[in-house]
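Inspection log for the structure reproduced underneath, given as structure tokens.
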Amino acid sequence: MKRSVFLLTTVLTFLLITSVVTAQSNPFTGSWLGTITTSGLQLRIAFHISEQEGIIITKMDSPDQNSFGNAAHKTTVSGNHITIDLPLMGAKYDGTLENDSIKGTFYQGGNEIPLKMGKFEGQLSPPKRSQVPQAPFPYKEKEVTIKTTDPKVKLSGTLTTPTGKEPFPAVILISGSGPQDRNEELMGHKPFHVLADHLSRNGIAVLRYDDRGVGKSTGEFNKATSIDFATDAEAAWKFLHKQKGIDKTKVGIIGHSEGGLIAPIVASANKHVGFIILMAGPSVPGGIIIPDQQELIMRASGTDEEEIRQQTALTQLIINYIFQHAASTSLQQDLTTQIEGWIKELNFPVPKSSSPKNFARQTAYTYTSDWMKTFIITSPADFMKDVTCPVLALFGENDLQVSVRANMEPMQQLLHSHKGSSVHTFPKLNHLFQTSETGAPSEYLLIEETLSPAFMEYVSNWILNLK
């Protein structure tokens, strides 16, 4: 039974700490490989289990995310049973040795995912990503540090500047939800690196940066909201605007997903922003987007229609309650009580690894975080009405996360009388602007293409043709 909240990006992050436990007899020594399926996404997982001076050491690879050698926190072996604890993921693996395989369950966030593992030898390789830029580059590239209005937050980024006749138009790139590095890297894809390379090869300067608290940037990511990220983006824009060789009238913003919400927040207050480009940017509050993407992704993953109905019904009740009580100081506690009641009313199937009370508590905690609450209640229209620069809103026909059906028409209405602005939908492109079959997140990993060349050409041509 899969139960999860689908945000603007759907990615598992494997960040683990090192620990060991005392071993007795260990029949699990060796390398084991299996595949988990979550939200329709298939990811290879490998555990490398060794014993050194009576101590069990487990390291995990997630090759499809280009993540290798991560040490588990705790491994316990008892007879033919093994438990691997992964607390920073809120996860663990329980398995039983049967002949030459381990049959077990991967637990995370209330999900119970079957994971059968078999012995293997050799090296695991990340998936092929043919568009990753390769040096030498026909443009200048340098590391930069950006000060913000918060002394605790300094952004680390990369500035790529074309060679040739100055001044150049320029853009900052703002990533989607979740902690993202300057390349917006996920599953071996580096969309912002690929996009920056294309733009700078075509005469456009680009500044991309690690989110606060990510990579080389300082600050705390987990307590920040879209409004906080907008102050970071504003600082990045001002930094870029001051650089030599830049056309001061054409310094814009490209925002992907949540970044497509942040871009108009910045541009609504800063009238010097030259333009904004919204890559799958929302045109409606997150309270509309979340149940829409839940329904679409669950259906694309083959989830039973009754389960979809129950999940979206519960989600809608939660969101409606947050809209009505967002200012309450006891929101999390009150929502927990409400969810317990809704579970009974909807006959909602709580995962076996949890209980109605614990499930309600965990769900309420997720939905009442500062980031989530802000995302749910914030309306892009409140900011778009004050944006005066040209806007290019781009959607993918197969996007299941910020869908055309929920966002296209509202965006057209927002930009109907907006001078120099337009809305465009690319056939077959998904939320990441890859050419796709269905748009399901399970395809993100399998697609070799990082960004559609047609999409990138459209973006660079639009910028270069700005008056």
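In the structure tokens, the first chain shown is A, the next is B, and so on; residue numbers restart at 1 for each chain, and ligands run from 1 in the order shown.
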Which of segment 149-398 of chain A fall in alpha helix (DSSP H), as a VMD selection string: chain A and resid 191 to 201 226 to 241 259 to 269 286 to 300 305 to 325 331 to 346 356 to 367 370 to 377 381 to 384
Near-Lys147 of chain A list (10 Å; only C-alpha atoms; drop same-chain fewer than 5 positions) as a list of chain:residue names: A:Lys152, A:Val153, A:Lys154, A:Leu155, A:Ser156, A:Asp232, A:Ala235, A:Ala236, A:Phe239
Let me see the file: selected residues, N, CA and C atoms, as a short mmCIF file (atom, residue, chain, number, x, y, z; two decimals), in the first residue's frame.
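Contents of the output file again-v8.cif:
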data_model
loop_
_atom_site.label_atom_id
_atom_site.label_comp_id
_atom_site.auth_asym_id
_atom_site.auth_seq_id
_atom_site.Cartn_x
_atom_site.Cartn_y
_atom_site.Cartn_z
N LYS A 152 23.38 34.72 7.78
CA LYS A 152 23.63 33.29 7.89
C LYS A 152 23.56 32.58 6.54
N VAL A 153 23.05 33.29 5.54
CA VAL A 153 22.84 32.67 4.23
C VAL A 153 23.77 33.29 3.19
N LYS A 154 24.70 32.51 2.70
CA LYS A 154 25.55 32.89 1.58
C LYS A 154 25.40 31.82 0.50
N LEU A 155 25.10 32.27 -0.69
CA LEU A 155 24.84 31.35 -1.79
C LEU A 155 26.10 31.14 -2.61
N SER A 156 26.38 29.90 -2.92
CA SER A 156 27.51 29.55 -3.78
C SER A 156 26.96 29.16 -5.15
N ASP A 232 16.42 34.98 -1.41
CA ASP A 232 17.69 34.47 -1.94
C ASP A 232 17.80 34.75 -3.43
N ALA A 235 18.63 38.32 -4.13
CA ALA A 235 20.06 38.59 -3.93
C ALA A 235 20.87 38.09 -5.12
N ALA A 236 20.52 36.93 -5.65
CA ALA A 236 21.23 36.40 -6.82
C ALA A 236 21.01 37.29 -8.03
N PHE A 239 23.12 40.42 -7.70
CA PHE A 239 24.52 40.09 -7.95
C PHE A 239 24.78 40.03 -9.45
#
DSSP strand (DSSP E or B) selection over segment 365-415 of chain A, as JSON, numbers by chain: {"A": [391, 392, 393, 394, 395, 396]}
Same residues, C-alpha atoms, output as a JSON list (two decimals), in the first residue's frame:
[["chain", "number", "residue", "atom", "x", "y", "z"],
["A", 391, "VAL", "CA", 6.50, 36.63, -19.06],
["A", 392, "LEU", "CA", 6.95, 33.35, -20.91],
["A", 393, "ALA", "CA", 5.00, 30.49, -19.32],
["A", 394, "LEU", "CA", 5.96, 27.03, -20.55],
["A", 395, "PHE", "CA", 4.21, 23.73, -19.88],
["A", 396, "GLY", "CA", 4.72, 20.11, -20.86]]
Distance criterion (only C-alpha atoms): nearest to Phe433 of chain A out of A:His198, A:Lys128, A:Arg309, A:His256: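 Answer, going by the shortest atom-to-atom distance: A:His256.
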Exercise: Lys142 of chain A partners within 7 Å, only C-alpha atoms, chain neighbours under 3 positions left out, as an MDAnalysis selection string: chainID A and resid 158:160
Contacts of Ser283 of chain A at 7 Å (only C-alpha atoms; same-chain gap of 3+ positions) as a list in words: Pro380, Ala381, Asn407, Pro410 and Met411 of chain A
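Nearest residue to Ala269 of chain A, choosing from A:Lys216, A:Asn222, A:Met384, A:Met60 and counting only C-alpha atoms: A:Met384.
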Residues of segment 170-205 of chain A at most 12 Å from segment 131-140 of chain A: nearest atom pair and distance in Å, only C-alpha atoms, as a Markdown table:
| residue | atom | partner | partner_atom | distance |
| --- | --- | --- | --- | --- |
| A:Asn183 | CA | A:Val132 | CA | 10.5 |
| A:Glu185 | CA | A:Val132 | CA | 11.0 |
| A:Gly188 | CA | A:Val132 | CA | 9.4 |
| A:His189 | CA | A:Val132 | CA | 7.9 |
| A:Lys190 | CA | A:Val132 | CA | 7.0 |
| A:Pro191 | CA | A:Val132 | CA | 8.7 |
| A:Phe192 | CA | A:Val132 | CA | 10.1 |
| A:His193 | CA | A:Pro133 | CA | 7.2 |
| A:Val194 | CA | A:Val132 | CA | 6.1 |
| A:Leu195 | CA | A:Pro133 | CA | 9.6 |
| A:Ala196 | CA | A:Pro133 | CA | 9.5 |
| A:Asp197 | CA | A:Pro133 | CA | 6.7 |
| A:His198 | CA | A:Pro133 | CA | 9.0 |
| A:Leu199 | CA | A:Tyr139 | CA | 10.3 |
| A:Ser200 | CA | A:Tyr139 | CA | 6.6 |
| A:Arg201 | CA | A:Pro138 | CA | 6.6 |
| A:Asn202 | CA | A:Tyr139 | CA | 9.7 |
| A:Gly203 | CA | A:Tyr139 | CA | 8.9 |
| A:Ile204 | CA | A:Tyr139 | CA | 9.9 |
| A:Ala205 | CA | A:Tyr139 | CA | 9.1 |
Identify, on the basis of only C-alpha atoms, every residue whose closest approach to segment 439-452 of chain A does not exceed 7 Å; exclude the query and any residue fewer than 3 positions from it along the same chain; express the result as a tab-separated table (two decimals) with C-alpha atoms, in the first residue's frame.
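The result, stored in around_26.tsv:
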chain	number	residue	atom	x	y	z
A	40	GLY	CA	5.86	4.45	-9.95
A	41	LEU	CA	9.60	5.11	-9.88
A	42	GLN	CA	12.00	2.16	-10.01
A	64	ASP	CA	20.26	5.52	-10.50
A	128	LYS	CA	23.60	7.27	-19.30
A	129	ARG	CA	23.18	11.04	-19.51
A	130	SER	CA	24.45	12.09	-22.93
A	131	GLN	CA	23.69	15.81	-22.61
A	187	MET	CA	18.68	10.78	-10.90
A	189	HIS	CA	20.25	14.40	-14.69
A	190	LYS	CA	21.63	17.95	-14.37
A	191	PRO	CA	18.95	20.10	-16.03
A	297	ILE	CA	0.60	10.22	-10.61
A	300	ALA	CA	-0.18	6.64	-14.02
A	398	ASN	CA	2.69	15.16	-20.22
A	399	ASP	CA	3.41	17.00	-16.96
A	400	LEU	CA	1.66	15.17	-14.12
A	430	ASN	CA	7.00	15.94	-18.89
A	433	PHE	CA	10.89	18.97	-19.94
A	434	GLN	CA	12.09	15.61	-21.19
A	435	THR	CA	10.47	13.92	-24.17
A	436	SER	CA	8.30	11.25	-22.55
A	455	PHE	CA	12.53	23.41	-25.48
A	456	MET	CA	16.00	24.92	-25.01
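The closest residue to Gly178 of chain A, picked from A:Thr149, A:Asn66, A:Ser217, A:Ser226 and counting only C-alpha atoms, is A:Ser226.
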